[in-house]
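Next comes final-v8.csv, with CSV, C-alpha atoms.
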```
chain,number,residue,atom,x,y,z
A,1,MET,CA,-4.4,-53.1,-22.6
A,2,SER,CA,-1.3,-51.0,-22.4
A,3,HIS,CA,1.5,-50.9,-24.9
A,4,ASP,CA,5.0,-50.5,-23.5
A,5,SER,CA,7.1,-47.8,-25.1
A,6,THR,CA,10.9,-47.7,-25.0
A,7,ALA,CA,11.7,-45.1,-22.4
A,8,ALA,CA,15.1,-43.5,-22.4
A,9,PRO,CA,17.3,-44.9,-19.6
A,10,GLU,CA,17.8,-41.4,-18.1
A,11,ALA,CA,14.0,-40.8,-18.1
A,12,THR,CA,13.2,-43.9,-16.0
A,13,SER,CA,16.1,-43.5,-13.6
A,14,ARG,CA,16.0,-39.7,-13.1
A,15,LYS,CA,15.6,-38.8,-9.5
A,16,LEU,CA,13.6,-35.9,-8.1
A,17,SER,CA,15.5,-32.9,-6.8
A,18,GLY,CA,15.6,-32.5,-3.1
A,19,ARG,CA,13.5,-29.3,-3.2
A,20,ARG,CA,10.7,-30.9,-5.1
A,21,ARG,CA,7.9,-33.0,-3.6
A,22,LYS,CA,6.2,-35.9,-5.3
A,23,GLU,CA,2.8,-35.1,-3.8
A,24,ILE,CA,2.9,-31.5,-5.2
A,25,VAL,CA,1.3,-31.0,-8.6
A,26,ALA,CA,1.7,-27.7,-10.5
A,27,VAL,CA,-0.8,-26.9,-13.2
A,28,LEU,CA,0.5,-24.3,-15.7
A,29,LEU,CA,-2.3,-22.2,-17.2
A,30,PHE,CA,-2.1,-19.7,-20.2
A,31,SER,CA,-4.5,-17.1,-21.5
A,32,GLY,CA,-6.8,-18.4,-24.2
A,33,GLY,CA,-6.9,-21.9,-23.0
A,34,PRO,CA,-10.1,-24.0,-23.1
A,35,ILE,CA,-11.8,-24.2,-19.8
A,36,PHE,CA,-12.6,-27.9,-19.9
A,37,GLU,CA,-9.0,-29.1,-20.4
A,38,SER,CA,-7.8,-26.6,-17.8
A,39,SER,CA,-10.3,-27.9,-15.2
A,40,ILE,CA,-9.3,-31.6,-15.5
A,41,PRO,CA,-6.1,-31.6,-13.5
A,42,LEU,CA,-7.7,-29.1,-11.1
A,43,SER,CA,-10.5,-31.5,-10.3
A,44,VAL,CA,-8.3,-34.6,-10.2
A,45,PHE,CA,-5.5,-33.3,-8.1
A,46,GLY,CA,-7.0,-30.3,-6.3
A,47,ILE,CA,-9.9,-31.9,-4.3
A,48,ASP,CA,-9.4,-33.7,-1.1
A,49,ARG,CA,-11.0,-37.2,-1.5
A,50,GLN,CA,-9.2,-39.0,1.3
A,51,ASP,CA,-12.6,-40.1,2.7
A,52,ALA,CA,-13.0,-42.2,-0.5
A,53,GLY,CA,-9.6,-43.7,-0.3
A,54,VAL,CA,-7.9,-41.4,-2.7
A,55,PRO,CA,-4.5,-40.2,-1.5
A,56,ARG,CA,-4.2,-36.4,-1.4
A,57,TYR,CA,-2.1,-34.3,-3.7
A,58,ARG,CA,-1.2,-30.7,-3.1
A,59,LEU,CA,-2.2,-28.5,-6.0
A,60,LEU,CA,-0.4,-25.3,-7.1
A,61,VAL,CA,-2.1,-23.4,-10.0
A,62,ALA,CA,0.5,-21.3,-11.8
A,63,ALA,CA,0.2,-18.6,-14.4
A,64,GLY,CA,2.5,-19.2,-17.4
A,65,GLU,CA,2.2,-15.5,-18.4
A,66,GLU,CA,0.9,-12.2,-17.1
A,67,GLY,CA,-2.7,-12.3,-16.0
A,68,PRO,CA,-5.6,-12.1,-15.8
A,69,LEU,CA,-5.9,-15.2,-17.9
A,70,ARG,CA,-8.9,-15.4,-20.2
A,71,THR,CA,-10.4,-18.8,-21.1
A,72,THR,CA,-12.6,-19.8,-23.9
A,73,GLY,CA,-16.0,-18.2,-23.3
A,74,GLY,CA,-14.5,-15.0,-22.0
A,75,LEU,CA,-14.0,-16.1,-18.4
A,76,GLU,CA,-11.1,-14.4,-16.5
A,77,LEU,CA,-8.9,-16.4,-14.1
A,78,THR,CA,-6.4,-15.2,-11.6
A,79,ALA,CA,-3.9,-17.9,-10.8
A,80,PRO,CA,-2.6,-17.8,-7.2
A,81,HIS,CA,1.0,-18.6,-8.2
A,82,GLY,CA,3.5,-17.7,-10.9
A,83,LEU,CA,6.2,-19.7,-12.5
A,84,GLU,CA,8.1,-19.9,-9.2
A,85,ALA,CA,5.6,-22.5,-8.0
A,86,ILE,CA,6.9,-25.0,-10.6
A,87,SER,CA,10.2,-25.2,-8.7
A,88,ARG,CA,8.5,-27.2,-5.9
A,89,ALA,CA,6.4,-29.6,-7.9
A,90,GLY,CA,7.1,-33.3,-8.6
A,91,THR,CA,4.6,-33.2,-11.4
A,92,VAL,CA,3.9,-30.3,-13.8
A,93,VAL,CA,0.8,-30.4,-16.0
A,94,VAL,CA,0.2,-28.2,-19.0
A,95,PRO,CA,-3.5,-28.8,-19.8
A,96,ALA,CA,-3.7,-26.9,-23.0
A,97,TRP,CA,-2.1,-24.2,-25.2
A,98,ARG,CA,-4.1,-21.5,-27.0
A,99,SER,CA,-2.6,-21.9,-30.5
A,100,ILE,CA,-0.9,-24.7,-32.3
A,101,THR,CA,0.9,-22.3,-34.5
A,102,SER,CA,2.3,-19.7,-32.1
A,103,PRO,CA,5.2,-20.2,-29.7
A,104,PRO,CA,4.6,-20.3,-25.9
A,105,PRO,CA,6.4,-17.8,-23.7
A,106,GLU,CA,10.1,-18.5,-23.3
A,107,GLU,CA,10.0,-18.0,-19.5
A,108,ALA,CA,7.5,-20.8,-19.2
A,109,LEU,CA,9.5,-23.1,-21.5
A,110,ASP,CA,12.6,-22.4,-19.4
A,111,ALA,CA,10.7,-23.3,-16.2
A,112,LEU,CA,9.5,-26.6,-17.8
A,113,ARG,CA,13.1,-27.5,-18.9
A,114,ARG,CA,14.4,-26.8,-15.4
A,115,ALA,CA,11.7,-28.9,-13.8
A,116,HIS,CA,12.4,-31.8,-16.1
A,117,GLU,CA,16.2,-31.6,-15.5
A,118,GLU,CA,15.4,-31.8,-11.7
A,119,GLY,CA,13.4,-35.0,-12.1
A,120,ALA,CA,9.9,-33.6,-12.3
A,121,ARG,CA,7.3,-35.5,-14.3
A,122,ILE,CA,6.0,-33.3,-17.1
A,123,VAL,CA,2.5,-33.8,-18.5
A,124,GLY,CA,0.8,-32.3,-21.6
A,125,LEU,CA,-2.9,-32.7,-22.1
A,126,CYS,CA,-4.3,-32.3,-25.6
A,127,THR,CA,-2.6,-29.2,-27.1
A,128,GLY,CA,-0.4,-29.0,-24.1
A,129,ALA,CA,1.9,-31.3,-26.0
A,130,PHE,CA,2.8,-28.4,-28.2
A,131,VAL,CA,4.3,-26.6,-25.2
A,132,LEU,CA,6.3,-29.7,-24.2
A,133,ALA,CA,7.5,-30.0,-27.8
A,134,ALA,CA,8.5,-26.3,-28.0
A,135,ALA,CA,10.5,-26.9,-24.8
A,136,GLY,CA,12.3,-29.7,-26.5
A,137,LEU,CA,11.0,-32.3,-24.0
A,138,LEU,CA,9.5,-34.5,-26.7
A,139,ASP,CA,12.5,-34.8,-28.9
A,140,GLY,CA,13.1,-38.4,-29.9
A,141,ARG,CA,10.1,-39.5,-27.8
A,142,PRO,CA,6.7,-41.0,-28.6
A,143,ALA,CA,3.8,-38.6,-27.9
A,144,THR,CA,0.2,-38.0,-28.8
A,145,THR,CA,-2.3,-35.1,-29.0
A,146,HIS,CA,-5.8,-34.6,-30.4
A,147,TRP,CA,-6.0,-36.4,-33.7
A,148,MET,CA,-6.9,-33.1,-35.5
A,149,TYR,CA,-3.7,-31.5,-34.4
A,150,ALA,CA,-1.3,-34.6,-34.8
A,151,PRO,CA,-0.3,-33.7,-38.3
A,152,THR,CA,0.6,-30.1,-37.2
A,153,LEU,CA,2.6,-31.5,-34.3
A,154,ALA,CA,4.5,-33.9,-36.5
A,155,LYS,CA,5.2,-31.3,-39.1
A,156,ARG,CA,6.4,-28.5,-36.7
A,157,TYR,CA,8.4,-30.9,-34.6
A,158,PRO,CA,9.7,-33.7,-36.9
A,159,SER,CA,11.9,-35.2,-34.1
A,160,VAL,CA,8.8,-36.1,-32.1
A,161,HIS,CA,7.3,-39.6,-32.8
A,162,VAL,CA,3.7,-38.6,-33.0
A,163,ASP,CA,1.1,-41.4,-32.7
A,164,PRO,CA,-2.4,-40.0,-33.3
A,165,ARG,CA,-4.0,-43.4,-32.4
A,166,GLU,CA,-3.3,-43.4,-28.7
A,167,LEU,CA,-5.5,-41.9,-25.9
A,168,PHE,CA,-2.3,-41.2,-24.0
A,169,VAL,CA,1.4,-42.0,-24.1
A,170,ASP,CA,3.5,-42.5,-20.9
A,171,ASP,CA,7.2,-42.3,-21.7
A,172,GLY,CA,8.4,-42.4,-18.1
A,173,ASP,CA,8.9,-38.8,-17.1
A,174,VAL,CA,7.1,-37.2,-20.0
A,175,LEU,CA,3.4,-38.0,-20.7
A,176,THR,CA,1.0,-36.7,-23.3
A,177,SER,CA,-2.7,-37.3,-24.0
A,178,ALA,CA,-5.2,-36.9,-26.8
A,179,GLY,CA,-8.0,-34.3,-26.7
A,180,THR,CA,-10.5,-33.4,-24.0
A,181,ALA,CA,-11.7,-36.5,-22.1
A,182,ALA,CA,-8.5,-38.3,-22.8
A,183,GLY,CA,-6.9,-35.9,-20.3
A,184,ILE,CA,-9.0,-37.6,-17.6
A,185,ASP,CA,-7.7,-41.0,-18.8
A,186,LEU,CA,-4.1,-39.8,-18.4
A,187,CYS,CA,-4.7,-38.2,-15.0
A,188,LEU,CA,-6.3,-41.4,-13.7
A,189,HIS,CA,-3.3,-43.3,-15.1
A,190,ILE,CA,-1.0,-41.0,-13.1
A,191,VAL,CA,-3.0,-41.7,-9.9
A,192,ARG,CA,-2.8,-45.4,-10.7
A,193,THR,CA,0.9,-45.2,-11.2
A,194,ASP,CA,1.5,-43.4,-8.0
A,195,HIS,CA,-1.0,-45.2,-5.7
A,196,GLY,CA,-2.3,-48.3,-7.4
A,197,ASN,CA,-5.5,-49.6,-9.0
A,198,GLU,CA,-7.6,-49.2,-5.9
A,199,ALA,CA,-7.0,-45.5,-5.5
A,200,ALA,CA,-7.5,-44.9,-9.2
A,201,GLY,CA,-10.8,-46.9,-9.1
A,202,ALA,CA,-12.0,-44.9,-6.1
A,203,LEU,CA,-11.3,-41.6,-7.9
A,204,ALA,CA,-13.0,-42.9,-11.1
A,205,ARG,CA,-16.1,-43.7,-9.1
A,206,ARG,CA,-16.1,-40.2,-7.7
A,207,LEU,CA,-15.7,-38.7,-11.2
A,208,VAL,CA,-18.3,-41.1,-12.6
A,209,VAL,CA,-16.0,-42.3,-15.4
A,210,PRO,CA,-14.6,-45.7,-16.3
A,211,PRO,CA,-11.2,-46.5,-14.6
A,212,ARG,CA,-9.8,-47.5,-17.9
A,213,ARG,CA,-11.4,-46.4,-21.2
A,214,SER,CA,-11.3,-48.8,-24.1
A,215,GLY,CA,-10.0,-48.1,-27.5
A,216,GLY,CA,-7.8,-45.4,-29.0
A,217,GLN,CA,-8.5,-42.4,-31.2
A,218,GLU,CA,-9.1,-44.3,-34.4
A,219,ARG,CA,-12.9,-44.4,-34.0
A,220,TYR,CA,-13.0,-40.6,-33.8
A,221,LEU,CA,-11.0,-39.9,-37.0
A,222,ASP,CA,-12.7,-38.5,-40.1
A,223,ARG,CA,-11.8,-38.3,-43.8
A,224,SER,CA,-11.1,-34.6,-44.0
A,225,LEU,CA,-7.6,-33.6,-45.1
A,226,PRO,CA,-5.3,-32.5,-42.3
A,227,GLU,CA,-5.2,-28.7,-42.0
A,228,GLU,CA,-1.5,-28.5,-42.6
A,229,ILE,CA,-1.5,-30.5,-45.8
A,230,GLY,CA,-3.8,-28.3,-47.8
A,231,ALA,CA,-1.1,-26.4,-49.7
A,232,ASP,CA,1.4,-29.3,-49.9
A,233,PRO,CA,2.0,-31.1,-53.2
A,234,LEU,CA,1.0,-34.4,-51.4
A,235,ALA,CA,-2.5,-33.0,-50.9
A,236,GLU,CA,-3.4,-34.1,-54.5
A,237,VAL,CA,-2.2,-37.6,-53.8
A,238,VAL,CA,-4.1,-37.9,-50.5
A,239,ALA,CA,-7.2,-36.5,-52.1
A,240,TRP,CA,-6.9,-39.1,-54.9
A,241,ALA,CA,-6.5,-41.9,-52.4
A,242,LEU,CA,-9.7,-40.8,-50.5
A,243,GLU,CA,-11.7,-40.7,-53.8
A,244,HIS,CA,-10.4,-44.2,-54.9
A,245,LEU,CA,-10.7,-46.2,-51.7
A,246,HIS,CA,-12.9,-48.7,-53.5
A,247,GLU,CA,-10.0,-49.6,-55.7
A,248,GLN,CA,-7.1,-52.0,-54.7
A,249,PHE,CA,-3.9,-49.9,-54.6
A,250,ASP,CA,-1.0,-49.8,-52.2
A,251,VAL,CA,1.5,-47.3,-50.9
A,252,GLU,CA,3.8,-47.9,-53.9
A,253,THR,CA,1.0,-46.6,-56.1
A,254,LEU,CA,0.7,-43.4,-54.0
A,255,ALA,CA,4.5,-42.9,-54.1
A,256,ALA,CA,4.5,-43.3,-57.9
A,257,ARG,CA,1.7,-40.7,-58.2
A,258,ALA,CA,3.8,-38.3,-56.1
A,259,TYR,CA,6.8,-39.1,-58.3
A,260,MET,CA,8.8,-40.1,-55.2
A,261,SER,CA,10.6,-43.2,-54.1
A,262,ARG,CA,8.8,-45.3,-51.5
A,263,ARG,CA,11.3,-44.2,-48.8
A,264,THR,CA,11.0,-40.5,-49.6
A,265,PHE,CA,7.2,-40.7,-49.8
A,266,ASP,CA,7.0,-42.5,-46.4
A,267,ARG,CA,9.1,-39.8,-44.8
A,268,ARG,CA,7.2,-36.9,-46.3
A,269,PHE,CA,3.8,-38.4,-45.6
A,270,ARG,CA,4.7,-39.1,-41.9
A,271,SER,CA,6.0,-35.5,-41.5
A,272,LEU,CA,2.7,-34.1,-42.8
A,273,THR,CA,0.1,-36.4,-41.2
A,274,GLY,CA,1.8,-37.9,-38.2
A,275,SER,CA,1.1,-41.5,-39.5
A,276,ALA,CA,2.9,-44.0,-41.7
A,277,PRO,CA,1.2,-44.0,-45.1
A,278,LEU,CA,0.2,-47.7,-44.8
A,279,GLN,CA,-1.4,-47.2,-41.4
A,280,TRP,CA,-3.2,-44.1,-42.7
A,281,LEU,CA,-4.5,-46.0,-45.8
A,282,ILE,CA,-5.8,-48.9,-43.7
A,283,THR,CA,-7.5,-46.5,-41.3
A,284,GLN,CA,-9.2,-44.7,-44.1
A,285,ARG,CA,-10.4,-48.1,-45.6
A,286,VAL,CA,-11.8,-49.1,-42.2
A,287,LEU,CA,-13.6,-45.7,-41.8
A,288,GLN,CA,-15.1,-46.2,-45.3
A,289,ALA,CA,-16.3,-49.7,-44.2
A,290,GLN,CA,-17.9,-48.2,-41.1
A,291,ARG,CA,-19.9,-45.8,-43.2
A,292,LEU,CA,-21.1,-48.6,-45.5
A,293,LEU,CA,-22.0,-50.8,-42.6
A,294,GLU,CA,-24.0,-47.9,-41.1
A,295,THR,CA,-25.7,-46.7,-44.2
A,296,SER,CA,-26.1,-49.6,-46.6
A,297,ASP,CA,-27.3,-53.2,-46.7
A,298,TYR,CA,-24.2,-54.6,-48.5
A,299,SER,CA,-22.9,-57.9,-47.1
A,300,VAL,CA,-19.6,-57.9,-45.3
A,301,ASP,CA,-18.0,-59.4,-48.4
A,302,GLU,CA,-19.4,-56.6,-50.6
A,303,VAL,CA,-18.2,-54.0,-48.1
A,304,ALA,CA,-14.7,-55.4,-48.2
A,305,GLY,CA,-14.6,-55.1,-52.0
A,306,ARG,CA,-16.0,-51.6,-52.0
A,307,CYS,CA,-13.4,-50.5,-49.5
A,308,GLY,CA,-10.4,-51.8,-51.4
A,309,PHE,CA,-9.6,-54.8,-49.1
A,310,ARG,CA,-8.3,-57.8,-51.0
A,311,SER,CA,-10.5,-60.1,-49.0
A,312,PRO,CA,-13.2,-60.1,-46.3
A,313,VAL,CA,-10.7,-61.7,-44.0
A,314,ALA,CA,-8.4,-58.7,-44.4
A,315,LEU,CA,-11.4,-56.4,-43.6
A,316,ARG,CA,-12.4,-58.3,-40.5
A,317,GLY,CA,-8.8,-58.4,-39.2
A,318,HIS,CA,-8.2,-54.7,-39.6
A,319,PHE,CA,-11.7,-53.8,-38.4
A,320,ARG,CA,-11.3,-55.7,-35.2
A,321,ARG,CA,-7.8,-54.3,-34.5
A,322,GLN,CA,-9.0,-50.7,-34.9
A,323,LEU,CA,-12.5,-50.9,-33.4
A,324,GLY,CA,-12.5,-54.0,-31.2
A,325,SER,CA,-15.4,-55.6,-33.0
A,326,SER,CA,-16.3,-57.6,-36.0
A,327,PRO,CA,-18.0,-55.8,-38.9
A,328,ALA,CA,-21.2,-57.8,-38.4
A,329,ALA,CA,-21.3,-57.1,-34.7
A,330,TYR,CA,-20.6,-53.4,-35.3
A,331,ARG,CA,-23.5,-53.2,-37.8
A,332,ALA,CA,-25.9,-55.0,-35.4
A,333,ALA,CA,-24.9,-52.7,-32.5
A,334,TYR,CA,-25.2,-49.5,-34.6
A,335,ARG,CA,-28.7,-50.4,-35.9
A,336,ALA,CA,-29.9,-51.4,-32.5
A,337,ARG,CA,-29.2,-47.9,-31.2
A,338,ARG,CA,-30.7,-46.1,-34.2
A,339,PRO,CA,-34.4,-45.0,-34.3
A,340,GLN,CA,-36.5,-47.2,-36.5
A,341,ALA,CA,-37.2,-44.4,-39.0
A,342,ASP,CA,-33.5,-43.7,-39.5
A,343,ARG,CA,-32.4,-47.2,-40.5
A,344,PRO,CA,-31.5,-47.9,-44.1
A,345,ALA,CA,-34.6,-48.9,-46.2
A,346,GLU,CA,-35.2,-52.1,-48.1
A,347,PRO,CA,-36.0,-51.7,-51.9
A,348,ASP,CA,-39.7,-51.4,-51.1
A,349,GLY,CA,-39.1,-48.5,-48.8
A,350,VAL,CA,-39.7,-50.4,-45.5
A,351,PRO,CA,-37.0,-49.8,-42.9
A,352,MET,CA,-34.8,-52.8,-42.2
A,353,GLN,CA,-35.2,-54.5,-38.9
A,354,ALA,CA,-32.3,-54.6,-36.6
A,355,GLY,CA,-33.0,-58.1,-35.4
A,356,PRO,CA,-31.1,-59.8,-32.6
A,357,PRO,CA,-27.3,-59.7,-32.4
A,358,PRO,CA,-25.4,-62.4,-34.2
A,359,SER,CA,-24.6,-64.2,-31.0
A,360,LEU,CA,-24.9,-63.9,-27.3
A,361,HIS,CA,-22.3,-66.5,-26.5
A,362,PRO,CA,-19.8,-65.3,-23.9
A,363,ASP,CA,-16.9,-65.8,-26.4
A,364,ALA,CA,-18.6,-63.9,-29.2
A,365,PRO,CA,-17.4,-60.5,-30.4
A,366,VAL,CA,-18.7,-57.6,-28.4
A,367,PRO,CA,-20.2,-54.6,-30.3
A,368,MET,CA,-18.3,-51.4,-29.6
A,369,GLN,CA,-19.4,-47.8,-29.6
A,370,THR,CA,-19.4,-46.3,-33.0
A,371,ARG,CA,-17.3,-43.3,-34.0
A,372,ARG,CA,-20.3,-41.1,-34.4
A,373,THR,CA,-22.0,-41.9,-31.1
A,374,ALA,CA,-19.1,-42.6,-28.8
A,375,ALA,CA,-19.0,-39.0,-27.6
A,376,THR,CA,-22.5,-39.2,-26.2
A,377,ALA,CA,-23.1,-42.9,-25.5
A,378,GLY,CA,-21.5,-44.1,-22.3
A,379,ALA,CA,-22.5,-47.7,-22.6
A,380,LEU,CA,-24.2,-50.1,-25.0
A,381,GLY,CA,-27.9,-50.1,-24.1
A,382,ALA,CA,-30.1,-53.1,-24.7
A,383,PRO,CA,-32.0,-53.0,-28.1
A,384,ALA,CA,-35.7,-52.8,-27.9
A,385,SER,CA,-36.1,-56.1,-29.8
A,386,LEU,CA,-34.2,-58.0,-27.1
A,387,THR,CA,-35.6,-59.5,-24.0
A,388,THR,CA,-34.6,-58.1,-20.6
A,389,ASP,CA,-32.3,-61.0,-19.9
A,390,GLN,CA,-30.7,-60.7,-23.4
A,391,GLY,CA,-30.2,-57.0,-23.0
A,392,LYS,CA,-28.5,-57.4,-19.6
A,393,GLN,CA,-26.3,-60.1,-21.0
A,394,MET,CA,-25.2,-57.8,-23.9
A,395,GLN,CA,-24.4,-55.0,-21.4
A,396,ASP,CA,-22.4,-57.4,-19.2
A,397,LEU,CA,-20.4,-58.7,-22.2
A,398,TYR,CA,-19.7,-55.1,-23.3
A,399,ALA,CA,-18.6,-54.0,-19.9
A,400,ALA,CA,-16.3,-57.0,-19.5
A,401,ALA,CA,-14.6,-56.3,-22.8
A,402,ARG,CA,-13.9,-52.6,-22.4
A,403,ALA,CA,-10.8,-52.9,-20.2
A,404,GLY,CA,-9.1,-55.3,-22.5
A,405,LEU,CA,-8.8,-53.1,-25.6
A,406,PRO,CA,-5.8,-51.0,-26.7
A,407,GLY,CA,-5.6,-47.2,-26.5
A,408,GLN,CA,-2.9,-46.4,-24.0
A,409,ARG,CA,0.8,-46.7,-24.4
A,410,SER,CA,2.7,-46.8,-21.1
A,411,ALA,CA,6.4,-47.0,-20.2
A,412,PRO,CA,7.4,-49.8,-17.9
A,413,HIS,CA,7.3,-48.9,-14.3
A,414,ALA,CA,9.3,-50.5,-11.6
```

Show me the file's structure as structure tokens.
Amino acid sequence: MSHDSTAAPEATSRKLSGRRRKEIVAVLLFSGGPIFESSIPLSVFGIDRQDAGVPRYRLLVAAGEEGPLRTTGGLELTAPHGLEAISRAGTVVVPAWRSITSPPPEEALDALRRAHEEGARIVGLCTGAFVLAAAGLLDGRPATTHWMYAPTLAKRYPSVHVDPRELFVDDGDVLTSAGTAAGIDLCLHIVRTDHGNEAAGALARRLVVPPRRSGGQERYLDRSLPEEIGADPLAEVVAWALEHLHEQFDVETLAARAYMSRRTFDRRFRSLTGSAPLQWLITQRVLQAQRLLETSDYSVDEVAGRCGFRSPVALRGHFRRQLGSSPAAYRAAYRARRPQADRPAEPDGVPMQAGPPPSLHPDAPVPMQTRRTAATAGALGAPASLTTDQGKQMQDLYAAARAGLPGQRSAPHA
């Protein structure tokens, strides 16, 4: 499911300059960039797959600074083009930036600004969003990046509306994605926007990835303090909140501990973390519930109380909105995938049995991938305790539900 964002009128109506071509994609590389993110647009837009029904793009790989360019791992790259190649592109992709604290080369920023003024679509994958922000292209716009770097992006560029929950954000002529694999999601979205679902589906099959990945970044978040908040006075308040999640308190309580008005606290908190304090607090409570569901035998009602939710109903609602599953279904799916010896033990020391899922009815909640295993699990396998037919039914239900969950925000397209 996509969420429409409010694109600026000039962004959606901007026309491509006559010297630029829609089918030309320029990829801007810098020294020190990670090889994986750098390779994503090269693979998506640089290989001729017309035999599979994928319309062809023309790829121009441009160096954003003097070469040779060194990637992570010590590899050296020589880009065939310089910044002049950007002047012909209808789409310019910045797949990564080497440092979230250092400014990109001014020449590259000028080239991006000119491209945007002439109607080119500008794309930032992962830390590439920092380059777009440095060029001023994200001012007043919604954007995302890897959840680890979202607080830094929000603090360094306060005019950017950073949303660390999304896999990607399409704001018309400026698009950004979360980390690593989310770059594939955004590139597939671009193909889908340009050529339709069939072309994007054909490309996804070639890449052996789902055409639309379910969920957002919430399931990958952790409880560690954002890197940028460590020396800030709010760090003590955030640390207190993390240590007292089992208690019922609200944002007003946190504002009072910070000796700030609610309005001032909201503004300061968002500038440091990239999230509204209420959304951050709910996310942390859901993460705590995940851990208890994974590591304890507390009932769902007990988990709700130990995570500071006022009622089990509140836990279930927030849990489903963030993870696409009920707490009970999440626990059943998590235990079904874990080795028997690793499951929480009963008081007598005997590992608990996973048992069958709560329901196999077609309308029942579908278990989702857990935060800890989503990076390696591509699909929900059938538990050993299920019959073959039950396992297949579980897989079919899971697959059917994946495309209907949030995680992408898209601007309306004509």

- Task: Determine, counting only C-alpha atoms, which protein, DNA and RNA residues have an atom within 6 Å of an atom of A:Ala89; residues of the same chain fewer than 6 positions away are not included. Present the result as a list in words.
- Result: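 Here the qualifying residues turn out to be Arg20, Arg21, Ile24, Val25 and Ala26 of chain A.
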
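For the pair atom CA of A:Thr145 and atom CA of A:Thr176, the interatomic distance is 6.8 Å.
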
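Taking atom CA of A:Ser38 and atom CA of A:Ser17 as endpoints, the distance between them is 26.5 Å.
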
- Task: Would you mind telling me which residue in A:Val251, A:Ala199, A:Ala134, A:Ala304 lies nearest to A:Gln50 when using only C-alpha atoms?
- Result: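 The closest residue to A:Gln50 is A:Ala199.
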
- Name the residues in contact with A:Arg19 at a cut-off of 10 Å, using all atoms listed in the file, excluding same-chain residues fewer than 6 positions from it; report them as a ChimeraX atom specification. /A:87-90,118

- Between atom CA of A:Leu69 and atom CA of A:Leu29, measure the distance and give it in Å to one decimal.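 According to the coordinates, atom CA of A:Leu69 and atom CA of A:Leu29 are separated by 7.9 Å.
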
- Long-range neighbours of A:Leu83 as an NGL selection string, 10 Å cut-off, all atoms listed in the file, 3 positions minimum in chain: :A and (26 or 28 or 61-65 or 86-87 or 107-108 or 110-112)

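The list of residues with at least one atom within 7 Å of A:Ala150, based on all atoms listed in the file and without residues fewer than 5 positions apart in the same chain, reads Thr145, Val162, Pro164, Thr273 and Gly274 of chain A.
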
- Item | Pick from A:Phe130, A:Tyr330, A:Tyr57, A:Phe269 nearest to A:Ala235, counting only C-alpha atoms | A:Phe269

- Message: Here is a test: counting all atoms listed in the file, which residue of A:Arg212, A:Lys15, A:Arg98, A:Arg58 is nearest to A:Gly33?
- Response: A:Arg98

- Message: Using only C-alpha atoms, can you tell me which of A:Phe319, A:Trp147, A:Tyr259, A:Phe309 comes closest to A:Val286?
- Response: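 Smallest separation from A:Val286 among the options: A:Phe319.
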
- Item | Residues near A:Asp163, cut-off 7 Å, all atoms listed in the file, skip fewer than 6 positions along chain, as a ChimeraX atom specification | /A:142-144,274-275
